[in-house]
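Just work.txt here, compact mmCIF, C-alpha atoms and all ligand atoms:
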# COMPACT_ATOMS: atom_id res chain seq x y z
CA MET A 1 147.83 187.81 95.55
CA ILE A 2 146.45 184.27 95.74
CA VAL A 3 147.61 182.53 98.94
CA LEU A 4 147.28 178.81 99.60
CA VAL A 5 147.11 177.77 103.27
CA ILE A 6 148.19 174.23 104.06
CA ASN A 7 147.71 172.29 107.31
CA CYS A 8 149.39 168.95 106.79
CA GLY A 9 148.72 166.12 109.28
CA SER A 10 149.90 162.52 109.37
CA SER A 11 147.06 161.24 107.17
CA SER A 12 145.38 164.39 105.89
CA ILE A 13 146.09 167.69 104.18
CA LYS A 14 143.67 170.56 104.81
CA TYR A 15 143.81 173.52 102.44
CA GLN A 16 142.24 176.91 101.98
CA LEU A 17 142.77 179.26 99.03
CA TYR A 18 142.54 183.02 99.65
CA LYS A 19 142.53 186.14 97.56
CA MET A 20 144.61 188.63 99.53
CA PRO A 21 144.56 191.24 100.92
CA GLU A 22 140.76 190.98 100.73
CA LYS A 23 140.97 187.71 102.70
CA ALA A 24 138.29 186.28 100.40
CA VAL A 25 138.08 182.48 100.65
CA LEU A 26 138.05 181.10 97.08
CA ALA A 27 137.99 177.42 98.06
CA LYS A 28 138.69 175.10 100.96
CA GLY A 29 138.81 171.40 101.58
CA LEU A 30 140.86 168.41 102.57
CA VAL A 31 142.38 165.19 101.36
CA GLU A 32 141.92 162.57 104.06
CA LYS A 33 142.95 158.98 104.79
CA ILE A 34 146.18 159.43 102.85
CA GLY A 35 147.86 156.06 102.34
CA GLU A 36 144.77 154.20 103.58
CA SER A 37 141.86 152.58 101.78
CA GLY A 38 138.93 154.94 101.26
CA SER A 39 141.09 158.06 100.80
CA ARG A 40 138.95 160.96 99.66
CA LEU A 41 138.85 164.57 98.62
CA ILE A 42 136.33 167.08 99.96
CA HIS A 43 136.36 170.44 98.16
CA LYS A 44 134.11 173.45 98.66
CA SER A 45 133.84 176.68 96.70
CA ASP A 46 131.20 179.01 95.27
CA LYS A 47 130.64 176.26 92.70
CA GLY A 48 129.37 173.93 95.46
CA LYS A 49 130.65 170.96 97.41
CA HIS A 50 132.53 168.19 95.62
CA GLU A 51 133.35 164.90 97.35
CA ALA A 52 135.14 162.04 95.66
CA GLU A 53 136.99 158.86 96.54
CA VAL A 54 140.46 159.22 95.07
CA ALA A 55 143.40 156.90 95.49
CA VAL A 56 145.95 159.02 97.40
CA ARG A 57 149.01 156.87 98.13
CA ASN A 58 151.11 159.48 99.88
CA HIS A 59 151.40 163.19 100.68
CA LYS A 60 152.95 163.93 97.29
CA ALA A 61 149.83 162.51 95.61
CA GLY A 62 147.68 164.44 98.08
CA MET A 63 149.33 167.75 97.18
CA SER A 64 148.94 166.98 93.43
CA GLU A 65 145.26 166.23 94.01
CA ILE A 66 144.75 169.59 95.75
CA LEU A 67 146.50 171.53 92.97
CA ARG A 68 144.52 169.56 90.38
CA ILE A 69 141.11 170.31 91.93
CA LEU A 70 141.98 174.01 92.40
CA THR A 71 142.53 174.25 88.62
CA ASP A 72 139.86 171.69 87.60
CA ALA A 73 137.62 172.76 84.68
CA THR A 74 134.40 172.10 86.65
CA HIS A 75 135.28 172.60 90.34
CA GLY A 76 138.40 174.74 90.09
CA VAL A 77 138.67 178.38 91.15
CA ILE A 78 141.90 179.41 89.38
CA GLU A 79 143.05 178.82 85.77
CA GLN A 80 146.55 177.57 86.55
CA ILE A 81 148.69 176.87 89.58
CA GLY A 82 151.07 179.65 88.51
CA GLU A 83 148.49 182.07 89.93
CA ILE A 84 149.37 180.95 93.49
CA GLY A 85 151.65 183.70 94.79
CA ALA A 86 152.55 182.24 98.20
CA VAL A 87 151.89 179.25 100.46
CA GLY A 88 151.37 179.48 104.22
CA HIS A 89 152.05 176.37 106.29
CA ARG A 90 150.80 175.65 109.77
CA VAL A 91 153.77 174.31 111.74
CA VAL A 92 153.09 173.10 115.26
CA HIS A 93 156.48 173.53 116.95
CA GLY A 94 158.93 176.36 116.42
CA GLY A 95 160.72 175.84 119.74
CA GLU A 96 162.49 178.93 121.05
CA ALA A 97 163.72 179.86 117.59
CA TYR A 98 160.58 181.60 116.32
CA SER A 99 158.44 184.21 117.99
CA GLY A 100 156.74 185.04 114.70
CA SER A 101 156.10 183.70 111.22
CA VAL A 102 159.02 183.32 108.78
CA LEU A 103 159.74 182.88 105.10
CA ILE A 104 160.91 179.30 104.72
CA ASP A 105 164.50 178.66 103.65
CA ASP A 106 166.88 175.77 104.28
CA LYS A 107 167.72 177.07 107.76
CA VAL A 108 164.03 177.17 108.74
CA LEU A 109 163.53 173.66 107.37
CA ALA A 110 166.47 172.42 109.44
CA CYS A 111 164.96 174.04 112.56
CA VAL A 112 161.52 172.50 111.96
CA GLU A 113 163.28 169.15 111.55
CA ASP A 114 165.22 169.69 114.77
CA PHE A 115 161.93 170.33 116.65
CA CYS A 116 160.48 166.98 115.48
CA ASP A 117 161.91 165.64 118.73
CA LEU A 118 159.59 168.03 120.69
CA ALA A 119 156.47 167.42 118.53
CA PRO A 120 156.92 163.92 117.09
CA LEU A 121 153.30 163.60 115.95
CA HIS A 122 153.01 167.00 114.30
CA ASN A 123 156.26 168.44 112.99
CA PRO A 124 157.17 165.49 110.71
CA PRO A 125 153.92 165.75 108.67
CA ASN A 126 154.18 169.57 108.69
CA LEU A 127 157.65 169.20 107.21
CA THR A 128 156.38 166.76 104.58
CA GLY A 129 153.69 169.29 103.60
CA ILE A 130 156.32 172.02 103.12
CA ARG A 131 158.61 169.77 101.07
CA GLU A 132 155.80 168.51 98.82
CA ALA A 133 154.52 172.06 98.26
CA GLN A 134 158.03 173.27 97.43
CA GLU A 135 158.40 170.49 94.89
CA ALA A 136 154.99 171.12 93.31
CA LEU A 137 155.33 174.92 93.32
CA PRO A 138 159.04 175.68 92.78
CA GLY A 139 160.05 179.29 93.36
CA VAL A 140 156.81 180.20 95.17
CA PRO A 141 157.51 181.84 98.57
CA MET A 142 156.47 179.65 101.49
CA VAL A 143 155.84 180.87 105.03
CA ALA A 144 155.82 178.89 108.29
CA VAL A 145 153.29 180.01 110.91
CA PHE A 146 154.05 178.35 114.24
CA ASP A 147 151.54 177.27 116.92
CA THR A 148 154.14 178.05 119.57
CA ALA A 149 155.16 181.53 118.32
CA PHE A 150 152.56 183.62 120.16
CA HIS A 151 153.66 182.18 123.51
CA GLN A 152 157.36 183.02 123.07
CA THR A 153 156.84 186.25 125.05
CA ILE A 154 156.02 184.23 128.20
CA PRO A 155 158.70 185.12 130.79
CA PRO A 156 161.07 182.48 132.26
CA HIS A 157 159.35 182.41 135.67
CA ALA A 158 156.20 181.22 133.86
CA TYR A 159 157.73 178.93 131.23
CA LEU A 160 160.22 177.09 133.44
CA TYR A 161 159.21 174.10 135.52
CA ALA A 162 160.59 173.60 139.02
CA LEU A 163 162.95 170.92 137.76
CA PRO A 164 166.76 170.86 137.73
CA HIS A 165 167.76 173.69 135.40
CA GLU A 166 170.01 171.36 133.39
CA LEU A 167 166.91 169.71 131.92
CA TYR A 168 166.03 172.99 130.24
CA GLU A 169 169.58 173.50 128.97
CA LYS A 170 170.17 169.90 127.90
CA TYR A 171 166.75 168.73 126.74
CA ARG A 172 164.78 171.97 126.17
CA VAL A 173 162.28 171.02 128.88
CA ARG A 174 160.01 174.08 129.38
CA LYS A 175 156.50 175.30 128.69
CA TYR A 176 155.99 176.18 125.00
CA GLY A 177 152.20 176.46 124.65
CA PHE A 178 150.10 175.73 121.56
CA HIS A 179 147.04 177.05 119.64
CA GLY A 180 149.12 180.22 119.24
CA THR A 181 147.59 180.99 115.84
CA SER A 182 144.15 181.13 117.42
CA HIS A 183 145.26 183.08 120.52
CA ALA A 184 147.07 185.57 118.24
CA PHE A 185 144.11 186.06 115.93
CA VAL A 186 141.65 186.43 118.81
CA THR A 187 143.95 188.88 120.63
CA HIS A 188 144.27 191.16 117.60
CA ARG A 189 140.58 190.98 116.78
CA THR A 190 139.54 191.65 120.40
CA ALA A 191 141.74 194.76 120.55
CA GLU A 192 140.05 195.98 117.34
CA LEU A 193 136.59 195.28 118.76
CA LEU A 194 137.45 197.03 122.03
CA GLY A 195 138.85 199.96 120.07
CA LYS A 196 142.07 199.77 122.13
CA PRO A 197 145.68 199.81 120.93
CA LEU A 198 147.00 196.26 120.97
CA ASP A 199 149.85 197.19 123.31
CA GLN A 200 147.35 198.39 125.92
CA THR A 201 145.04 195.36 125.73
CA ASN A 202 144.89 192.84 128.59
CA ILE A 203 142.73 189.80 127.99
CA ILE A 204 142.21 186.15 128.86
CA THR A 205 141.65 184.05 125.74
CA CYS A 206 139.87 180.69 126.02
CA HIS A 207 140.28 178.50 122.93
CA LEU A 208 137.96 175.57 123.62
CA GLY A 209 137.57 172.96 120.90
CA ASN A 210 138.40 169.26 121.04
CA GLY A 211 141.74 170.45 122.35
CA GLY A 212 141.63 173.49 124.59
CA SER A 213 143.94 176.09 126.03
CA MET A 214 143.76 179.48 127.68
CA ALA A 215 146.22 182.35 127.49
CA ALA A 216 146.88 185.37 129.67
CA VAL A 217 147.65 188.31 127.38
CA LYS A 218 149.21 191.49 128.79
CA ASN A 219 149.67 194.54 126.57
CA GLY A 220 148.90 192.36 123.54
CA LYS A 221 151.56 189.75 124.40
CA GLY A 222 151.20 186.25 125.85
CA ILE A 223 152.50 186.01 129.43
CA ASP A 224 151.18 182.54 130.28
CA THR A 225 149.19 179.68 128.81
CA THR A 226 147.66 176.47 130.11
CA MET A 227 149.36 173.97 127.77
CA GLY A 228 152.97 173.12 128.48
CA MET A 229 155.92 171.37 126.94
CA THR A 230 153.26 169.27 125.17
CA PRO A 231 149.57 169.91 124.41
CA LEU A 232 148.50 167.66 127.30
CA PRO A 233 148.26 169.87 130.42
CA GLY A 234 145.86 172.64 131.35
CA VAL A 235 142.10 172.62 130.97
CA VAL A 236 140.01 169.46 130.51
CA MET A 237 139.82 168.51 126.81
CA GLY A 238 137.76 166.10 124.70
CA THR A 239 140.03 163.12 125.35
CA ARG A 240 143.09 164.72 127.01
CA CYS A 241 143.36 164.90 130.79
CA GLY A 242 144.73 168.41 131.23
CA ASP A 243 146.48 169.01 134.58
CA ILE A 244 147.19 165.94 136.70
CA ASP A 245 149.63 165.02 139.43
CA PRO A 246 152.65 163.63 137.48
CA ALA A 247 153.17 160.98 140.18
CA ILE A 248 149.92 159.30 139.01
CA ILE A 249 151.92 158.01 136.04
CA PHE A 250 154.42 156.20 138.29
CA TYR A 251 151.63 154.84 140.44
CA LEU A 252 149.88 153.41 137.36
CA LEU A 253 153.14 151.98 135.99
CA GLY A 254 153.07 149.66 139.01
CA LYS A 255 149.71 148.19 137.93
CA ASP A 256 149.79 145.23 135.53
CA GLU A 257 147.44 146.73 132.95
CA PHE A 258 149.57 149.89 132.67
CA ALA A 259 153.07 148.40 132.91
CA ASP A 260 153.72 149.57 129.35
CA PRO A 261 154.26 153.39 129.34
CA LYS A 262 152.64 153.58 125.88
CA LYS A 263 149.36 152.53 127.49
CA ILE A 264 149.54 155.44 129.91
CA ASP A 265 150.37 157.82 127.07
CA ASN A 266 147.29 156.55 125.23
CA LEU A 267 145.19 156.79 128.40
CA LEU A 268 146.11 160.42 129.09
CA ASN A 269 145.82 161.61 125.48
CA LYS A 270 142.99 159.53 124.04
CA LYS A 271 140.87 158.13 126.85
CA SER A 272 140.72 160.89 129.43
CA GLY A 273 139.12 164.34 129.48
CA LEU A 274 135.39 164.61 128.84
CA LEU A 275 135.36 161.08 127.40
CA GLY A 276 137.14 159.50 130.33
CA ILE A 277 135.10 161.23 133.02
CA SER A 278 131.70 160.70 131.38
CA GLY A 279 132.45 157.25 129.95
CA VAL A 280 130.21 158.09 126.99
CA SER A 281 131.44 160.93 124.79
CA ASN A 282 134.15 163.50 124.13
CA ASP A 283 131.60 165.80 122.51
CA MET A 284 130.30 168.73 124.56
CA ARG A 285 126.91 168.67 122.78
CA ASP A 286 126.30 165.00 123.71
CA LEU A 287 127.22 165.64 127.32
CA GLU A 288 125.00 168.70 127.66
CA GLU A 289 122.10 166.76 126.16
CA LEU A 290 122.69 163.74 128.40
CA ALA A 291 123.04 165.87 131.51
CA ALA A 292 119.84 167.78 130.74
CA ASN A 293 117.57 164.92 129.60
CA ASN A 294 116.17 161.74 131.13
CA GLY A 295 116.60 163.01 134.66
CA GLY A 296 120.26 163.69 133.99
CA HIS A 297 123.33 161.53 133.51
CA PRO A 298 125.51 161.86 136.63
CA ARG A 299 128.85 161.21 134.91
CA ALA A 300 128.06 163.49 131.97
CA GLN A 301 127.22 166.15 134.56
CA LEU A 302 130.45 165.40 136.44
CA ALA A 303 132.43 165.85 133.21
CA LEU A 304 130.79 169.26 132.69
CA ASP A 305 131.42 170.25 136.30
CA ILE A 306 135.12 169.37 136.18
CA PHE A 307 135.48 171.07 132.77
CA ASN A 308 133.88 174.30 134.01
CA TYR A 309 135.65 174.23 137.37
CA ARG A 310 139.03 174.11 135.64
CA LEU A 311 138.10 177.06 133.39
CA LYS A 312 137.04 179.13 136.37
CA PHE A 313 140.21 178.12 138.20
CA TYR A 314 142.39 179.49 135.40
CA ILE A 315 140.25 182.61 134.95
CA GLY A 316 140.98 183.39 138.61
CA ALA A 317 144.69 182.65 138.22
CA TYR A 318 144.99 184.80 135.10
CA MET A 319 143.02 187.67 136.65
CA ALA A 320 145.62 187.61 139.43
CA ILE A 321 148.69 187.59 137.18
CA LEU A 322 147.26 190.23 134.82
CA GLY A 323 146.01 192.56 137.56
CA GLN A 324 143.73 194.45 135.20
CA VAL A 325 141.69 192.62 132.56
CA ASP A 326 139.71 194.22 129.70
CA ALA A 327 137.98 191.06 128.53
CA ILE A 328 137.62 187.30 128.81
CA VAL A 329 137.24 185.97 125.29
CA PHE A 330 135.76 182.63 124.25
CA THR A 331 136.53 180.90 120.95
CA GLY A 332 136.65 177.41 119.36
CA GLY A 333 133.68 175.06 118.92
CA ILE A 334 132.82 175.02 122.65
CA GLY A 335 133.83 178.61 123.35
CA GLU A 336 131.77 179.97 120.45
CA ASN A 337 128.69 177.82 121.00
CA GLY A 338 128.65 176.63 124.58
CA SER A 339 126.52 179.16 126.45
CA HIS A 340 126.32 176.80 129.45
CA VAL A 341 130.09 176.59 129.66
CA ARG A 342 130.47 180.38 129.43
CA SER A 343 127.79 180.85 132.05
CA ALA A 344 129.26 178.29 134.47
CA SER A 345 132.89 179.40 134.12
CA CYS A 346 132.16 183.15 134.39
CA GLY A 347 129.16 182.94 136.74
CA ASN A 348 129.26 184.20 140.34
CA LEU A 349 132.33 186.29 139.67
CA SER A 350 130.80 189.72 140.25
CA ALA A 351 133.34 190.22 143.08
CA PHE A 352 135.96 190.11 140.29
CA GLY A 353 134.02 192.60 138.14
CA ILE A 354 132.71 189.88 135.79
CA GLU A 355 128.96 189.84 135.11
CA ILE A 356 127.41 187.78 132.35
CA ASP A 357 124.19 188.99 130.72
CA GLU A 358 122.34 185.68 130.35
CA ALA A 359 120.03 186.92 127.61
CA LYS A 360 123.02 188.01 125.51
CA ASN A 361 124.93 184.82 126.39
CA LYS A 362 122.11 182.55 125.25
CA GLY A 363 121.33 184.73 122.24
CA THR A 364 124.73 184.45 120.54
CA ILE A 365 124.62 183.38 116.92
CA ARG A 366 127.11 180.81 115.67
CA GLY A 367 130.04 182.42 113.92
CA LYS A 368 129.14 185.92 115.17
CA GLU A 369 131.20 188.16 117.43
CA GLY A 370 129.56 189.66 120.46
CA ILE A 371 129.79 190.96 124.00
CA ILE A 372 127.88 188.77 126.46
CA SER A 373 128.52 190.65 129.70
CA THR A 374 126.27 193.29 131.26
CA SER A 375 126.88 196.92 130.37
CA GLY A 376 128.11 197.47 133.93
CA SER A 377 130.56 194.54 133.94
CA LYS A 378 134.09 195.88 134.57
CA VAL A 379 135.58 192.96 132.66
CA LYS A 380 133.85 192.34 129.33
CA VAL A 381 133.04 188.76 128.40
CA MET A 382 133.13 188.22 124.65
CA VAL A 383 132.71 185.62 121.93
CA VAL A 384 135.17 186.01 119.04
CA PRO A 385 135.07 183.20 116.46
CA THR A 386 138.61 182.14 115.65
CA ASP A 387 140.06 182.16 112.15
CA GLU A 388 143.33 180.28 112.20
CA GLU A 389 143.53 179.83 108.43
CA GLY A 390 142.76 183.51 107.87
CA TRP A 391 145.55 184.42 110.29
CA ILE A 392 147.99 182.15 108.42
CA ALA A 393 146.90 183.73 105.11
CA THR A 394 147.47 187.25 106.49
CA GLU A 395 150.89 186.39 107.93
CA THR A 396 151.87 184.72 104.65
CA TYR A 397 150.71 187.65 102.54
CA GLU A 398 152.53 190.16 104.73
CA LEU A 399 155.83 188.27 104.47
CA ALA A 400 155.53 187.27 100.81
CA LYS A 401 154.27 190.52 99.28
P1 LIG A 501 138.64 171.16 116.89
O1 LIG A 501 139.45 171.47 118.10
O2 LIG A 501 138.73 169.74 116.48
O3 LIG A 501 138.80 172.17 115.77
P2 LIG A 501 136.07 172.45 117.35
O4 LIG A 501 136.67 173.80 117.58
O5 LIG A 501 135.19 172.27 116.16
O6 LIG A 501 137.12 171.29 117.39
O7 LIG A 501 135.20 172.10 118.68
C1 LIG A 501 134.58 170.88 118.84
C2 LIG A 501 133.79 170.94 120.12
O8 LIG A 501 132.80 171.99 120.01
C3 LIG A 501 133.02 169.66 120.42
O9 LIG A 501 133.16 169.31 121.78
C4 LIG A 501 131.57 170.07 120.17
O10 LIG A 501 130.69 169.35 120.96
C5 LIG A 501 131.59 171.52 120.58
N1 LIG A 501 130.41 172.23 120.07
C6 LIG A 501 130.03 172.44 118.79
N2 LIG A 501 128.81 173.02 118.75
C7 LIG A 501 128.39 173.19 120.04
C8 LIG A 501 127.23 173.73 120.67
N3 LIG A 501 126.23 174.21 119.96
N4 LIG A 501 127.17 173.71 122.04
C9 LIG A 501 128.19 173.22 122.77
N5 LIG A 501 129.31 172.69 122.24
C10 LIG A 501 129.42 172.67 120.90

Could I get this structure in the form of structure tokens?
Amino acid sequence: MIVLVINCGSSSIKYQLYKMPEKAVLAKGLVEKIGESGSRLIHKSDKGKHEAEVAVRNHKAGMSEILRILTDATHGVIEQIGEIGAVGHRVVHGGEAYSGSVLIDDKVLACVEDFCDLAPLHNPPNLTGIREAQEALPGVPMVAVFDTAFHQTIPPHAYLYALPHELYEKYRVRKYGFHGTSHAFVTHRTAELLGKPLDQTNIITCHLGNGGSMAAVKNGKGIDTTMGMTPLPGVVMGTRCGDIDPAIIFYLLGKDEFADPKKIDNLLNKKSGLLGISGVSNDMRDLEELAANNGGHPRAQLALDIFNYRLKFYIGAYMAILGQVDAIVFTGGIGENGSHVRSASCGNLSAFGIEIDEAKNKGTIRGKEGIISTSGSKVKVMVVPTDEEGWIATETYELAK
């Protein structure tokens, strides 16, 4: 079966075409700057990379452009769009309604629409992607794979905030967690690599990219995660602050330059994290280079220190709530490549049974799985490259076949 995976954002549509069950990637790419000047298509397949400026007025035109290039005489990888057997959609928020992926029907669409209130930046474009795909590919089964689903096994004592309970009942205020597709993929793959049944696997997953979150996984199921009702709390991120004292917001509201709450929202989401601390970059590579060269860059170093401190903090917390841990697993751009981060966050933890083998840690190869702890380390430390699109393709195939 040919499965098309769609990740639809406010101004872009990313796609990946798979042959299932082999999970062979036939093509991938994106249409970006939808509705803006300079909109373009980037398409990659065995036939090479194709980049072109194309006028893409809206998401409908974007979806047509994707289906056109997939069947294009020169760059295409299938003869006709009728060969697409199913479409998998990344959907950010599934609220409490979905603890797994689902075949999309009108009821699912209504739910995704209902959750727009909880994820105003993400669910509306996700919904547009589904509707445009349904219109372009009538009768083709579509599957929604939710970022929140993996975390639905978190128990109430971990997902509820210490707020009046009515806020949960009336406004759905609780921890939901995100990056679930990545945590789910990494959990399943780690159990395979450890040769353990999933329901006996206890791990701490660290998804560290521009956004970052960690999850405590007990017997294959999520029991806590660092993000919350929104993707803002938890570890330090590229431009997001992670955990802060909520009263800071009210303190800043009293200052002239932050009297408008939108400015604080922008500050916490776009100007904080690695960028805010360092004052120079949200990119881990830049900060590591700056901290290491020219006698060091104190604020780049401070950004790294706070980043690593917070990781270690949560590793300790999750060791405590899990009791027994098989492995700490790193993934995402920073998790897969950042040997310094892995070393700093897992270093000096031999009292907890965690011992990194520095030669293995530094010797990891991009995109490759591996164990980076010593052979005597009670808790294994691993690198498992994530594959969110592959996970969506598998979920879609399983439900559609
Ligand atoms: P996104 O969350 O947008 O998918 P990625 O998972 O690609 O992002 O992660 C981006 C982050 O990965 C950036 O901070 C980047 O600096 C970092 N990164 C990429 N390569 C390396 C590397 N070799 N060493 C350290 N960090 C890296």

For segment 92-98 of chain A, work out the shell of residues within 6 Å, counting all atoms listed in the file and skipping chain neighbours fewer than 4 positions away, then give it as a ChimeraX atom specification. /A:146-149

Shell of 9 Å around ligand LIG 501 (chain A) (only C-alpha atoms and all ligand atoms), written as a VMD selection string: chain A and resid 207 to 212 237 to 238 274 282 to 288 331 to 341 366 386

Counting only C-alpha atoms, what is within 12 Å of Asp199 of chain A, bar same-chain residues fewer than 6 positions away, as a PyMOL selection string? chain A and resi 187-188+191-192+217-222

Give me, as a Markdown table, each residue of segment 346-399 of chain A that comes within 12 Å of segment 169-181 of chain A, together with its shortest interatomic pair and the distance in Å at one decimal, counting all atoms listed in the file, with rows ordered by chain and rising residue number.
| residue | atom | partner | partner_atom | distance |
| --- | --- | --- | --- | --- |
| A:Thr386 | CA | A:Thr181 | CA | 9.1 |
| A:Asp387 | CA | A:Thr181 | CA | 8.5 |
| A:Glu388 | CA | A:Thr181 | CA | 5.6 |
| A:Glu389 | CA | A:Thr181 | CA | 8.5 |
| A:Gly390 | CA | A:Thr181 | CA | 9.7 |
| A:Trp391 | CA | A:Thr181 | CA | 6.8 |
| A:Ile392 | CA | A:Thr181 | CA | 7.5 |
| A:Ala393 | CA | A:Thr181 | CA | 11.1 |
| A:Thr394 | CA | A:Thr181 | CA | 11.3 |
| A:Glu395 | CA | A:Thr181 | CA | 10.1 |

With only C-alpha atoms as the atoms that count, which of A:Val379, A:Lys47, A:Phe352, A:Gly85 lies nearest to Ala320 of chain A?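 Result for the nearest residue to Ala320 of chain A: A:Phe352.
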
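The closest residue to Ile2 of chain A, picked from A:Leu275, A:Gly29, A:Tyr397, A:His59 and counting only C-alpha atoms, is A:Tyr397.
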
What does the distance from atom CA of Gln324 of chain A to atom CA of Ser350 of chain A come to in Å, to one decimal?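 Between atom CA of Gln324 of chain A and atom CA of Ser350 of chain A the gap is 14.7 Å.
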
Can you tell me, as a PyMOL selection string, what residues are no more than 12 Å from Asn123 of chain A when counting all atoms listed in the file, ignoring any on the same chain fewer than 3 positions away? chain A and resi 7-10+89-95+109-120+126-130+144+146-148

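You can rank A:Ile277, A:Ile104, A:Leu399, A:Ala52 by their closest distance to Gly139 of chain A using all atoms listed in the file, and at the top of that list sits A:Ile104.
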
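The interatomic distance for the pair atom CA of Asn308 of chain A and atom CA of Ala184 of chain A works out to 23.4 Å.
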
Can you tell me, as a list in words, what residues are no more than 8 Å from Val384 of chain A when counting only C-alpha atoms, ignoring any on the same chain fewer than 6 positions away?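 My list of contacting residues is Val186, Arg189, Thr190, Val329, Phe330, Thr331, Glu336, Lys368, Glu369 and Gly370 of chain A.
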
From the set A:Leu311, A:Val102, A:Ala73, A:Ala133, which residue has the shortest atom-to-atom contact distance to Val236 of chain A, counting only C-alpha atoms?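 Of all the options, A:Leu311 lies closest to Val236 of chain A.
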
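Our summary of the geometry notes that atom CA of Ile42 of chain A is positioned 12.7 Å from atom CA of Gly76 of chain A.
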
What would the file be for segment 234-246 of chain A if you keep C-alpha atoms and write it as an mmCIF file, in the first residue's frame?
data_model
loop_
_atom_site.group_PDB
_atom_site.id
_atom_site.type_symbol
_atom_site.label_atom_id
_atom_site.label_comp_id
_atom_site.auth_asym_id
_atom_site.auth_seq_id
_atom_site.Cartn_x
_atom_site.Cartn_y
_atom_site.Cartn_z
ATOM 1 C CA GLY A 234 9.623 21.657 30.882
ATOM 2 C CA VAL A 235 13.178 21.632 29.608
ATOM 3 C CA VAL A 236 14.927 24.665 28.087
ATOM 4 C CA MET A 237 14.183 24.906 24.342
ATOM 5 C CA GLY A 238 15.546 26.887 21.392
ATOM 6 C CA THR A 239 13.347 29.913 22.026
ATOM 7 C CA ARG A 240 10.855 28.635 24.638
ATOM 8 C CA CYS A 241 11.505 29.172 28.339
ATOM 9 C CA GLY A 242 10.468 25.797 29.733
ATOM 10 C CA ASP A 243 9.593 25.826 33.457
ATOM 11 C CA ILE A 244 9.254 29.235 35.095
ATOM 12 C CA ASP A 245 7.479 30.640 38.119
ATOM 13 C CA PRO A 246 4.017 31.618 36.742
#
